[in-house]
$ cat query_0.txt   # compact mmCIF, C-alpha atoms
# COMPACT_ATOMS: atom_id res chain seq x y z
CA MET A 874 -19.31 -13.14 -22.17
CA MET A 875 -21.64 -14.49 -19.51
CA THR A 876 -25.11 -13.09 -18.81
CA TYR A 877 -26.89 -13.65 -15.52
CA ASP A 878 -30.57 -14.10 -14.70
CA MET A 879 -30.30 -14.53 -10.94
CA ASP A 880 -31.60 -12.55 -7.97
CA GLU A 881 -29.28 -11.31 -5.23
CA LYS A 882 -30.13 -14.19 -2.88
CA SER A 883 -29.29 -16.80 -5.54
CA ILE A 884 -26.04 -15.03 -6.41
CA ASN A 885 -25.04 -14.82 -2.74
CA GLU A 886 -25.76 -18.52 -2.22
CA LYS A 887 -23.70 -19.41 -5.31
CA LEU A 888 -20.79 -17.31 -4.06
CA VAL A 889 -20.93 -18.89 -0.60
CA LYS A 890 -21.26 -22.40 -2.08
CA SER A 891 -18.16 -21.78 -4.23
CA GLY A 892 -15.96 -21.79 -1.12
CA LEU A 893 -14.63 -18.24 -1.40
CA ARG A 894 -13.16 -16.92 1.83
CA THR A 895 -15.36 -14.85 4.11
CA ILE A 896 -13.14 -11.81 3.67
CA ILE A 897 -13.92 -11.85 -0.08
CA LEU A 898 -17.64 -12.48 0.36
CA VAL A 899 -17.99 -9.59 2.81
CA SER A 900 -16.17 -7.17 0.49
CA GLN A 901 -18.13 -8.22 -2.61
CA THR A 902 -21.68 -8.54 -1.27
CA SER A 903 -24.03 -6.88 1.20
CA MET A 904 -23.83 -9.94 3.44
CA LYS A 905 -22.44 -9.77 6.95
CA ARG A 906 -20.28 -12.49 8.45
CA LYS A 907 -23.19 -13.92 10.47
CA GLN A 908 -25.31 -14.20 7.32
CA ILE A 909 -22.49 -16.03 5.51
CA THR A 910 -22.11 -18.43 8.42
CA ALA A 911 -25.89 -19.04 8.44
CA ILE A 912 -25.94 -19.82 4.71
CA ARG A 913 -23.01 -22.22 5.12
CA LYS A 914 -24.84 -24.04 7.90
CA GLN A 915 -28.00 -24.17 5.81
CA LEU A 916 -26.07 -25.67 2.89
CA GLY A 917 -24.02 -27.97 5.12
CA LEU A 918 -20.75 -26.29 4.21
CA ARG A 919 -17.64 -25.49 6.19
CA GLY A 920 -15.87 -22.18 5.75
CA SER A 921 -12.22 -21.89 4.78
CA ALA A 922 -9.76 -22.26 7.64
CA ASP A 923 -7.54 -19.57 6.11
CA SER A 924 -7.25 -16.31 8.03
CA GLY A 925 -5.38 -13.04 7.71
CA PRO A 926 -5.02 -10.82 4.64
CA LEU A 927 -5.26 -12.16 1.12
CA PRO A 928 -1.99 -12.80 -0.74
CA HIS A 929 -0.67 -10.25 -3.22
CA SER A 930 -0.70 -11.15 -6.90
CA GLU A 931 3.06 -10.51 -7.05
CA THR A 932 3.51 -13.32 -4.50
CA ILE A 933 1.08 -15.64 -6.30
CA LEU A 934 2.95 -15.13 -9.58
CA GLY A 935 6.30 -15.86 -7.96
CA SER A 936 7.20 -18.90 -10.07
CA ARG A 937 7.09 -20.01 -13.69
CA GLU A 938 4.64 -22.78 -12.79
CA MET A 939 2.21 -20.44 -11.06
CA ILE A 940 2.33 -17.98 -13.96
CA LEU A 941 1.26 -20.83 -16.25
CA GLU A 942 -1.58 -21.80 -13.88
CA ALA A 943 -2.76 -18.22 -13.52
CA THR A 944 -2.61 -17.77 -17.30
CA LEU A 945 -4.92 -20.75 -17.82
CA PHE A 946 -7.41 -19.18 -15.43
CA MET A 947 -7.16 -15.65 -16.87
CA GLN A 948 -7.62 -16.79 -20.45
CA ALA A 949 -10.98 -18.27 -19.45
CA TYR A 950 -11.92 -15.36 -17.19
CA LEU A 951 -11.26 -12.66 -19.79
CA LEU A 952 -13.31 -14.61 -22.31
CA ILE A 953 -16.46 -14.82 -20.21
CA ALA A 954 -16.32 -11.89 -17.75
CA GLN A 955 -18.37 -8.74 -18.17
CA ASN A 956 -16.10 -5.65 -18.23
CA PRO A 957 -13.20 -7.29 -16.34
CA ALA A 958 -11.08 -4.13 -16.62
CA GLU A 959 -13.76 -2.13 -14.79
CA SER A 960 -15.16 -4.51 -12.17
CA ILE A 961 -14.69 -7.96 -10.67
CA ASP A 962 -17.16 -10.40 -12.22
CA ASN A 963 -17.45 -12.80 -9.28
CA LEU A 964 -19.64 -15.34 -11.05
CA ALA A 965 -17.26 -15.36 -14.01
CA VAL A 966 -14.38 -15.99 -11.58
CA ILE A 967 -16.18 -19.11 -10.34
CA SER A 968 -16.96 -20.35 -13.86
CA ALA A 969 -13.45 -19.60 -15.16
CA HIS A 970 -11.90 -21.35 -12.17
CA ALA A 971 -14.02 -24.45 -12.84
CA HIS A 972 -12.77 -24.42 -16.45
CA TYR A 973 -9.20 -23.94 -15.22
CA LEU A 974 -9.58 -26.88 -12.82
CA GLU A 975 -10.69 -29.11 -15.72
CA CYS A 976 -7.62 -28.07 -17.73
CA HIS A 977 -5.32 -28.53 -14.73
CA GLY A 978 -6.67 -32.02 -14.12
CA SER A 979 -6.67 -33.08 -17.77
CA LEU A 980 -2.93 -32.36 -17.95
CA ARG A 981 -2.32 -34.54 -14.89
CA GLY A 982 -4.56 -37.55 -15.47
CA GLY A 983 -7.40 -36.08 -13.44
CA ALA A 984 -5.25 -35.39 -10.38
CA VAL A 985 -4.66 -32.03 -8.68
CA ASP A 986 -1.07 -30.96 -8.09
CA GLN A 987 -1.32 -29.09 -4.79
CA ASP A 988 2.17 -27.62 -5.26
CA VAL A 989 1.08 -25.46 -8.20
CA TYR A 990 -2.73 -25.50 -7.99
CA LEU A 991 -4.30 -22.01 -8.20
CA ASP A 992 -7.12 -22.12 -5.67
CA LEU A 993 -10.29 -20.06 -6.04
CA ASP A 994 -9.28 -17.36 -3.55
CA ARG A 995 -6.00 -16.72 -5.38
CA ALA A 996 -7.78 -16.79 -8.73
CA TRP A 997 -10.10 -14.08 -7.39
CA VAL A 998 -7.07 -12.02 -6.32
CA ILE A 999 -5.65 -12.24 -9.86
CA ALA A 1000 -9.00 -11.09 -11.31
CA ARG A 1001 -9.21 -8.28 -8.75
CA ASP A 1002 -5.68 -7.10 -9.48
CA TYR A 1003 -6.34 -7.21 -13.22
CA ARG A 1004 -9.19 -4.76 -12.57
CA ALA A 1005 -6.83 -2.69 -10.42
CA MET A 1006 -4.19 -2.75 -13.21
CA ASN A 1007 -1.72 -4.48 -10.90
CA VAL A 1008 -1.84 -7.51 -13.18
CA SER A 1009 -1.86 -7.53 -16.98
CA MET A 1010 -1.60 -9.89 -19.93
CA ARG A 1011 1.75 -9.74 -21.73
CA SER A 1012 2.80 -11.17 -25.07
CA CYS A 1013 6.18 -12.88 -25.45
CA ASN A 1014 8.34 -11.28 -28.16
CA THR A 1015 9.83 -14.69 -28.99
CA CYS A 1016 6.99 -17.24 -29.06
CA HIS A 1017 4.09 -14.72 -28.91
CA THR A 1018 2.40 -16.58 -26.06
CA GLU A 1019 0.16 -14.44 -23.86
CA PHE A 1020 0.75 -14.80 -20.15
CA VAL A 1021 -0.12 -13.13 -16.85
CA ALA A 1022 2.40 -10.76 -15.29
CA SER A 1023 2.47 -8.57 -12.22
CA SER A 1024 2.76 -4.88 -13.11
CA VAL A 1025 5.16 -4.45 -10.20
CA CYS A 1026 7.83 -6.30 -12.19
CA ARG A 1027 9.89 -4.51 -14.81
CA ARG A 1028 11.16 -7.70 -16.43
CA PHE A 1029 8.72 -10.24 -17.81
CA ASN A 1030 9.94 -13.76 -18.55
CA CYS A 1031 7.75 -15.95 -20.74
CA PRO A 1032 6.87 -19.06 -18.69
CA LEU A 1033 7.07 -21.24 -21.82
CA CYS A 1034 10.23 -20.24 -23.69
CA SER A 1035 11.87 -17.96 -21.09
CA GLY A 1036 11.98 -15.14 -23.63
CA THR A 1037 12.40 -11.81 -21.85
CA THR A 1038 10.64 -8.52 -22.38
CA VAL A 1039 11.87 -5.53 -20.40
CA GLU A 1040 9.25 -2.91 -19.80
CA ILE A 1041 8.81 -0.05 -17.37
CA PRO A 1042 5.10 0.01 -16.51
CA THR A 1043 3.37 3.36 -16.52
CA GLU A 1044 1.73 4.62 -13.36
CA PRO A 1045 -2.02 3.97 -13.67
CA GLU A 1046 -4.44 6.87 -13.34
CA PRO A 1047 -6.20 6.91 -9.95
CA ARG A 1048 -9.86 5.89 -9.83
CA SER A 1049 -12.41 8.67 -10.23
CA LEU A 1050 -14.10 10.23 -7.22
CA SER A 1051 -17.40 8.63 -8.24
CA GLU A 1052 -15.75 5.17 -8.17
CA LEU A 1053 -14.15 5.86 -4.80
CA ALA A 1054 -17.48 7.19 -3.49
CA GLU A 1055 -19.05 3.82 -4.33
CA LEU A 1056 -16.23 2.06 -2.45
CA SER A 1057 -16.45 4.34 0.59
CA ASN A 1058 -19.22 2.25 2.21
CA SER A 1059 -17.10 -0.90 1.92
CA VAL A 1060 -14.19 1.02 3.42
CA SER A 1061 -16.32 2.15 6.38
CA LYS A 1062 -17.55 -1.40 7.02
CA ALA A 1063 -14.04 -2.83 6.87
CA LEU A 1064 -12.72 -0.13 9.25
CA ASN A 1065 -15.46 -0.99 11.73
CA TRP A 1066 -14.34 -4.63 11.58
CA GLY A 1067 -10.80 -3.60 12.48
CA SER A 1068 -9.10 -4.02 9.10
CA ASN A 1069 -5.84 -2.12 8.66
CA ASP A 1070 -4.85 -0.08 5.61
CA GLU A 1071 -2.78 -2.85 4.01
CA GLU A 1072 -5.63 -5.35 4.37
CA LEU A 1073 -8.12 -2.85 2.93
CA CYS A 1074 -5.97 -2.12 -0.11
CA SER A 1075 -5.53 -5.84 -0.67
CA GLU A 1076 -9.23 -6.68 -0.22
CA ILE A 1077 -10.67 -3.88 -2.35
CA GLY A 1078 -7.85 -3.60 -4.88
CA ILE A 1079 -6.97 0.08 -4.49
CA THR A 1080 -3.82 2.06 -3.77
CA LEU A 1081 -3.03 3.66 -0.42
CA SER A 1082 -3.70 7.14 -1.86
CA GLU A 1083 -7.09 6.01 -3.20
CA LEU A 1084 -7.88 4.47 0.19
CA THR A 1085 -7.07 7.78 1.91
CA VAL A 1086 -9.54 9.56 -0.38
CA ALA A 1087 -12.20 6.86 0.11
CA LYS A 1088 -11.86 7.25 3.89
CA ALA A 1089 -12.33 11.00 3.60
CA LEU A 1090 -15.34 10.56 1.31
CA SER A 1091 -16.97 8.25 3.86
CA THR A 1092 -17.01 11.13 6.38
CA LEU A 1093 -18.96 13.46 4.08
CA SER A 1094 -22.73 13.83 4.25
CA PRO A 1095 -24.77 12.50 1.29
CA ARG A 1096 -25.31 16.06 0.07
CA GLU A 1097 -21.62 16.92 0.31
CA LEU A 1098 -20.73 13.69 -1.48
CA ARG A 1099 -23.15 14.41 -4.35
CA THR A 1100 -21.81 17.97 -4.62
CA LEU A 1101 -18.20 16.82 -4.79
CA VAL A 1102 -18.86 14.09 -7.37
CA ALA A 1103 -20.99 16.47 -9.48
CA SER A 1104 -18.15 19.02 -9.48
CA GLU A 1105 -16.09 16.56 -11.57
CA ALA A 1106 -13.06 17.31 -9.42
CA SER A 1107 -10.20 14.88 -9.96
CA THR A 1108 -8.97 12.32 -7.49
CA SER A 1109 -5.52 13.88 -7.80
CA ALA A 1110 -7.00 17.20 -6.60
CA ALA A 1111 -8.61 15.42 -3.66
CA ILE A 1112 -5.30 13.75 -2.75
CA LYS A 1113 -3.56 17.14 -2.86
CA ALA A 1114 -6.30 18.71 -0.72
CA LEU A 1115 -5.90 16.01 1.91
CA GLN A 1116 -2.12 16.44 1.90
CA GLU A 1117 -2.32 20.23 2.24
CA GLN A 1118 -5.56 20.79 4.16
CA GLY A 1119 -6.20 17.44 5.82
CA SER A 1120 -9.83 17.60 4.71
CA LEU A 1121 -12.11 17.71 1.66
CA GLN A 1122 -14.49 20.21 3.23
CA PHE A 1123 -13.26 23.23 1.27
CA MET A 1124 -13.95 21.32 -1.98
CA VAL A 1125 -17.67 21.08 -1.11
CA ALA A 1126 -18.08 24.50 0.45

$ encode --input "query_0.txt" --output "structure tokens"
Amino acid sequence: MMTYDMDEKSINEKLVKSGLRTIILVSQTSMKRKQITAIRKQLGLRGSADSGPLPHSETILGSREMILEATLFMQAYLLIAQNPAESIDNLAVISAHAHYLECHGSLRGGAVDQDVYLDLDRAWVIARDYRAMNVSMRSCNTCHTEFVASSVCRRFNCPLCSGTTVEIPTEPEPRSLSELAELSNSVSKALNWGSNDEELCSEIGITLSELTVAKALSTLSPRELRTLVASEASTSAAIKALQEQGSLQFMVA
């Protein structure tokens, strides 16, 4: 597990220097797009030319080769990240990706195979979706190899021996209201920038129902928000209230 002794400015510079897309940097830091551009200019860097929403992990893990590449990354990430099931450890993503790149190159005589290379942005998506329980590590019943799998799939094929495990994934519990309250500021910022619901879910790693609650929480006053979180009401209750009442106001009255 990694430990960090860096101030926010140093961490932000390291994240920008890594080459992560602006859409990720904005969602994971307090920096605005202009600040990111300024840091890139200061460091003599060019931002990624990619635009649009980030890819889904299900798409990234669409082939046997990419499952193997993502598995190499995740094995390193889970070893060094702090609480990867609870939060995205961005610095660990960068370090694990560097380790993955070394492994990828060592298997190919130092070259990078662009057809199957897992770039840093996609590696971050895998780490994010692991936190969101949309990605998990599975163990092959035949060769016992651990590999990355999308939780959307009901049939998991080992990328090494093609052994098959059939499993119906359970529906994950929604995030708590306190977690969604912390995300509500990021949701408000993204809405102001014109992001749509699909992009927001992809960027932050939450479900559409959780996003609906986060939006509603962002409209509450600080006092109302503290009252609701302190009440220990469930996210499921908040979802039901929004479906039936269209508001969370009666829960803080």

$ closest_atom_pairs --input "query_0.txt" --of "region 974-1071 of chain A" --to "region 886-897 of chain A" --cutoff "9 Å" --atoms "only C-alpha atoms" --output "JSON lines"
{"residue": "A:Leu993", "atom": "CA", "partner": "A:Leu893", "partner_atom": "CA", "distance": 6.6}
{"residue": "A:Asp994", "atom": "CA", "partner": "A:Leu893", "partner_atom": "CA", "distance": 5.8}
{"residue": "A:Trp997", "atom": "CA", "partner": "A:Ile897", "partner_atom": "CA", "distance": 8.5}

$ residues_around --input "query_0.txt" --residues "region 1070-1073 of chain A" --least-positions-apart "6" --cutoff "9 Å" --atoms "all atoms listed in the file" --output "ChimeraX atom specification"
/A:925-927,1060,1063-1064,1079,1081,1084-1085

$ residues_around --input "query_0.txt" --residues "Glu1055 (chain A)" --least-positions-apart "4" --cutoff "10 Å" --atoms "only C-alpha atoms" --output "ChimeraX atom specification"
/A:1050-1051,1059-1060,1087,1090-1091

$ atom_distance --input "query_0.txt" --atom1 "CA of Asp880 (chain A)" --atom2 "CA of Asn963 (chain A)"
14.2 Å

$ atom_distance --input "query_0.txt" --atom1 "CA of Leu1121 (chain A)" --atom2 "CA of Ile961 (chain A)"
28.6 Å

$ atom_distance --input "query_0.txt" --atom1 "CA of Lys1088 (chain A)" --atom2 "CA of Ser1068 (chain A)"
12.7 Å
